[in-house]
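Some notes on the structure that comes next.
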Amino acid sequence: MNIGILLKEGPYNHQASDTAYKFAEAAIAMGHKVDAVFLYNDGVTNVTRLMDPPQDDRHIARRWGELSKNHGVEVLACIAASKRRGISDEVLVEGSGITGLGTLTDIVIRNDRLVIFGD
Amino acid sequence: MNIGILLKEGPYNHQASDTAYKFAEAAIAMGHKVDAVFLYNDGVTNVTRLMDPPQDDRHIARRWGELSKNHGVEVLACIAASKRRGISDEVLVEGSGITGLGTLTDIVIRNDRLVIFGD
Amino acid sequence: MADDNIRKIMHVMRRAPHGTIYTYEGLEMILIMAAYEQDISVVFIGDGVYALKKGQDTTGIGIKGFAKTFMALDGYDVEKLYVDRVSLEERGLTEGDLLVDVEVMDASEIGRLMTEQDAVIHH
Amino acid sequence: MADDNIRKIMHVMRRAPHGTIYTYEGLEMILIMAAYEQDISVVFIGDGVYALKKGQDTTGIGIKGFAKTFMALDGYDVEKLYVDRVSLEERGLTEGDLLVDVEVMDASEIGRLMTEQDAVIHH
Amino acid sequence: MLHTINKSPFETSTMETCSRFLQPGDAVLFIEDGVYAAQEGNRFSADIRSIMEKSNVYALRPDLEARGIDRITEGIGVVDYQGFVSLVEEHQVNSWF
Amino acid sequence: MLHTINKSPFETSTMETCSRFLQPGDAVLFIEDGVYAAQEGNRFSADIRSIMEKSNVYALRPDLEARGIDRITEGIGVVDYQGFVSLVEEHQVNSWF
C-alpha cells in the first residue's frame, strides 16, 4: 500500500506530529511505502532545524529528516503556510523541502491512502 | 492601570494573537500602560522575523516589534518554549527578546492585571 | 477510475471562521486542487456552516475576510457544496442566511458520500 | 498584601495530558513561579483531572511522561491542589484514582477562590 | 471577576464549564468564536439567560461583526476593544479557552 | 471507511458529530485524547455502545497506556500502531479533529 500523510499541527504543542511519526514508522516496518509527509497549517513548523528541545527529549525535525533519508519519505512543507509562519529554506532541516499545494494534490493522486493528523 | 499580557498561541493560525494586539492597542489609546507581552507555548512563534505573509495581510511579528518601539511594551518569548519551537536570537524580530519564566512572574508582580489570550 | 489523474476529494469545513485559520487555509487548498481539476466536494458540518453566514465584516478584527471566496468557487467548477441539516438547524440558521447556494443534506447521505471518496480532508 | 513581592496565582489545568503540551508547559510555569515564592494554587477542572490519573505510561507514544512531577510539587511548597468534584465524578474517577492528595471541592467554592487571586492562568 | 470565553458552545464545553464557577458579581465576555453563544434563538439562549441571572454578559462587537451575527440575545451588552479594556479595569480577569 | 477521533468527548462535540455520519461497515478508532471515550463506566458508555451497533470500535493502546486507562468498555478492540496501519489497509480514512 502507498501512503501519503498530511500533518496539520506543529511539533511538541500537539501530539499529532508524534502520532504521525509513529504511524509512518509502523507502516514502513510492515513493508508499506510512505511516499510523503505533507505539512500544512502550523504543521510546517515541524521542520525548522533551529528547534533545540531538552537533551532527553525527541528532536522532532531531525526525526523527520532521518525518516526521509532512511526510507525515501518526502517531507514537504506548504510554501504559503510556511511563509506565514517564518519557515523558509534558511531554517529547513536536512531531508525536508518546501513546495506548493499542487504537490499535495499529486500525493493524493499517486497514493492509495491519505492519512491525516491534526488537532 | 498597568497591564501584562500572556499570549499562548502562534500567529495567523489562531485569532488569539490578533485579539491580544487589538486589546493592547485599545488599552494604550485609553492611557493605560501595557508593560509587557509574554509569549508562551506556541505563542513564541509570534516574533520570528522570517514570517512573510501576503502583501495585503498584516505582518504580525513586525506589528509586535513596532508596538514595543512606539509604546515601550516589552515583547518577550519564553526561552524553554522557544527552544522547542526553533525560535532563537537568530530569527527574532527587532523589538522582541527571549527570557525565562521568572520574567513572567515579575510581570504578574508588577502589574495590576494579567490578561491572557490563547485557544 | 474514469481518468487516472482525477480523484474524488471531499473537504470538510468543521470550524468557525476567523477564530482559527483552518477554514481559510482549507479554502486555499480547495482552490489549488480545483485548478488541478480534481473532483472536489465541500461539506459544511458543525461550526463549519458559519463560514457561509451572510454579512461577515472582518474590518474590526483586522483579519482579511474570505467569505466571498466561497461565492467564487463556482468559477473554479467547485459546485458540490453540501450542508449538514442538523448543524444548520441547531444554530438557528436557514438556507436564507447563507452566502451561496448549497444542498442541505442529512448526515446519513453525507456519510454515504464520504465512503465514495478517495480522500476526505477536514479543515 | 502581606509581602509586596508575593502574589496569589492560580493555575487551572483544563486539558488532558499528552494530546497537547499545555499541561506539561503549565507545570514548568508552576515550578518557576513556586521557586519565586509566589502563593500558588493548582486547580484541576474538566479533562485537567486526567493529568493526575495513576498508571500513566507514555513509553509507547514516545513522549516523556510528567505525571510524577505533580508528586514533587509538595517539595516546592505547592500544596494547594484542588479538584473540581463534578469533573472527577463525570469521568467515573474517584480520589483513589489520583496520584497525589488533593482537596475535592465544589465549583462554587473554587469559583470563590478564583475571585481572590491576583492572576488566574489556564493551561 | 471577568470571565472571557473564546470558544463556540456548539463545539466545546468551555462555556458550560465556566458557568459552573461563576460568582455573584462576576461578568462574562464572549470573544472570538465565543460570540456565537450570543446569537439570538440558538439552542444556548436558555443557558445564556441563566448566566445572566448571576452575571452581566457582554460580547465583543468586532467579533460579532466578523461573524455576521446581527441578532443578539436580549440583555447581552455589546462592547468594542475599549469596552473590553474598561471591563478589565473593573475586574480581575479569568480567560477560559 | 475508518473514522479516527482524537478528541475527548468530555471537551468537544467531535465524537457526537462523527457518530451521526457513520455508515454500516465503517470502523471507528480512538487515538490521542480521543481514547478517554473508551474508558469503562464514564458517561459516554451508552453512546459508545450505540456506535458499536453499527461499527467496529477500536482504541490505540499506546494512547490508552499513556493516559493510564486500564478498564475499557467491553467490545472495544485495542490496537497498536501496526494495528492502526492494518485498519488503514482495510479502509479509506476519515480523520476527525
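Every chain in the C-alpha cells takes a letter, A first, then B, and so on in the order presented; its residues are numbered from 1, and the ligands are numbered from 1 following the presented order.
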Practice task
Identify, with DSSP run on backbone atoms, the residues in range 21-91 of chain C assigned to strand (DSSP E or B), and express the list as a list in words.
Solution key: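 Those residues are Asp39, Ile40, Ser41, Val42, Val43, Phe44, Lys53, Lys80, Leu81, Tyr82, Val83 and Asp84 of chain C.
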Output as a tab-separated table one row per residue of chain C within 10 Å of chain A: the closest atom pair and its distance in Å to one decimal place, counting only C-alpha atoms, sorted by chain and residue number ascending.
```
residue	atom	partner	partner_atom	distance
C:Asp4	CA	A:Ile109	CA	8.2
C:Asn5	CA	A:Ile109	CA	6.2
C:Ile6	CA	A:Ile109	CA	7.1
C:Arg7	CA	A:Ile109	CA	6.3
C:Lys8	CA	A:Ile109	CA	9.5
C:Ile9	CA	A:Val108	CA	8.6
C:Ile21	CA	A:Asn41	CA	7.8
C:Tyr22	CA	A:Asn41	CA	7.2
C:Glu25	CA	A:Asn41	CA	7.1
C:Gly26	CA	A:Asn41	CA	9.0
C:Glu28	CA	A:Leu101	CA	8.6
C:Met29	CA	A:Leu101	CA	6.5
C:Ile30	CA	A:Leu101	CA	9.4
C:Leu31	CA	A:Leu101	CA	9.5
C:Ile32	CA	A:Leu101	CA	6.4
C:Met33	CA	A:Thr105	CA	6.0
C:Ala34	CA	A:Thr105	CA	9.5
C:Ala35	CA	A:Gly102	CA	8.7
C:Tyr36	CA	A:Gly102	CA	7.2
C:Glu37	CA	A:Thr105	CA	9.8
C:Gln38	CA	A:Thr105	CA	8.2
C:Asp118	CA	A:Arg113	CA	7.5
C:Ala119	CA	A:Leu114	CA	6.1
C:Val120	CA	A:Leu114	CA	8.1
C:Ile121	CA	A:Ile116	CA	7.4
C:His122	CA	A:Ile116	CA	8.5
C:His123	CA	A:Lys8	CA	9.1
```
Exercise for the section: Could you give me, as a list in words, the residues within 7 Å of range 64-67 of chain C, counting only C-alpha atoms and dropping anything in the same chain fewer than 3 positions from it? Expected result: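 Selected residues are Asp57 of chain B; Tyr24, Ala51, Leu52, Asp57, Thr58 and Phe70 of chain C.
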Practice task
Could you list, as a list in words, the residues of chain C having an atom within 7 Å of chain F when counting only C-alpha atoms?
Solution key: Ala107, Ser108, Ile110, Gly111, Arg112, Thr115, Val120 and His122 of chain C
Residues as selected, N, CA, C and O atoms, written as a short mmCIF file (atom, residue, chain, number, x, y, z; two decimals), in the first residue's frame, can you do that?
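Written output follows (result.cif):
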```
data_model
loop_
_atom_site.label_atom_id
_atom_site.label_comp_id
_atom_site.auth_asym_id
_atom_site.auth_seq_id
_atom_site.Cartn_x
_atom_site.Cartn_y
_atom_site.Cartn_z
N ALA C 107 -27.26 13.79 7.50
CA ALA C 107 -25.95 13.25 7.82
C ALA C 107 -25.74 11.87 7.19
O ALA C 107 -24.65 11.54 6.72
N SER C 108 -26.80 11.07 7.15
CA SER C 108 -26.64 9.72 6.61
C SER C 108 -26.23 9.78 5.14
O SER C 108 -25.41 8.98 4.67
N ILE C 110 -24.66 12.39 3.64
CA ILE C 110 -23.28 12.89 3.58
C ILE C 110 -22.31 11.76 3.93
O ILE C 110 -21.27 11.58 3.30
N GLY C 111 -22.68 10.99 4.96
CA GLY C 111 -21.84 9.85 5.36
C GLY C 111 -21.64 8.86 4.22
O GLY C 111 -20.55 8.31 4.03
N ARG C 112 -22.69 8.66 3.44
CA ARG C 112 -22.60 7.75 2.30
C ARG C 112 -21.63 8.33 1.25
O ARG C 112 -20.78 7.62 0.72
N THR C 115 -17.97 7.77 2.03
CA THR C 115 -17.41 6.45 1.75
C THR C 115 -17.01 6.30 0.27
O THR C 115 -16.28 5.37 -0.07
N VAL C 120 -10.67 12.33 2.21
CA VAL C 120 -11.55 13.24 2.95
C VAL C 120 -10.65 14.07 3.86
O VAL C 120 -9.90 13.53 4.66
N HIS C 122 -10.46 17.16 6.57
CA HIS C 122 -11.16 18.08 7.47
C HIS C 122 -10.30 19.32 7.70
O HIS C 122 -9.09 19.22 7.88
#
```
Exercise for the section: Measuring atom to atom with only C-alpha atoms, identify which of F:Leu29, F:Leu64, F:Val85, F:Ala46 is nearest to chain A. Expected result: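 When distances to chain A are compared using only C-alpha atoms, the smallest one comes from F:Val85.
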Problem - Å distance separating CA of Gly72 in chain A from CA of Lys22 in chain A, one decimal place - result: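 It comes out at 16.2 Å.
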Exercise for the section: Quick one: pull the distance between CA of Ile76 in chain F and CA of Ile5 in chain F, Å, one decimal. Expected result: 14.1 Å
Practice task
Return as number ranges by chain the residues belonging to chain B that are within 12 Å of chain A, counting only C-alpha atoms.
Solution key: B: 8-14, 40-55, 57-61, 79-93, 119
Exercise for the section: Taking the chain letters and numbering used in this document, name the residues of chain F that DSSP puts in alpha helix (DSSP H), as a ChimeraX atom specification. Expected result: /F:14-20,45-54,61-66,81-90
Exercise for the section: Return the single residue from A:Phe23, A:Lys33, A:Arg63, A:Leu7 that is closest to chain F, with distances computed using only C-alpha atoms. Expected result: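 Smallest separation from chain F among the options: A:Phe23.
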Exercise for the section: Give the answer as one residue: which of B:Ile5, B:Ala27, B:Ala20, B:Leu39 has the shortest atom-to-atom distance to chain E, using only C-alpha atoms? Expected result: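 The answer is B:Ala27, which sits nearest to chain E.
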Problem - Residue with smallest distance to chain B - pool E:Glu32, E:Glu65, E:Asp70, E:Asp47, counting only C-alpha atoms - result: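 Using only C-alpha atoms, the shortest distance to chain B belongs to E:Glu32.
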Exercise for the section: List the neighbours of Asn70 in chain A out to 12 Å using only C-alpha atoms; skip same-chain residues closer than 6 positions along the sequence, and give me the result as a list of chain:residue names. Expected result: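 What passes the distance filter is A:Glu25, A:Ile28, A:Val34, A:Arg62, A:Arg63, A:Trp64, A:Gly95.
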Exercise for the section: Find the spatial neighbours of Tyr81 in chain E, counting only C-alpha atoms, within a cut-off of 6 Å - ignore same-chain residues fewer than 2 positions away - and output them as a VMD selection string. Expected result: (chain B and resid 23 26) or (chain E and resid 83 to 84)
Could you take the residues named above and write them with N, CA and C atoms, as a compact mmCIF listing (two decimals), in the first residue's frame?
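The file below, part-v6.txt, is the result:
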```txt
# COMPACT_ATOMS: atom_id res chain seq x y z
N PHE B 23 -6.40 44.40 21.78
CA PHE B 23 -6.62 44.76 23.19
C PHE B 23 -5.52 45.71 23.66
N ALA B 26 -5.96 49.18 22.23
CA ALA B 26 -7.06 49.91 22.88
C ALA B 26 -6.65 50.39 24.26
N GLY E 83 -14.15 48.88 25.31
CA GLY E 83 -15.08 48.38 26.34
C GLY E 83 -14.51 47.15 27.05
N PHE E 84 -13.81 46.32 26.30
CA PHE E 84 -13.11 45.17 26.87
C PHE E 84 -12.11 45.68 27.92
```
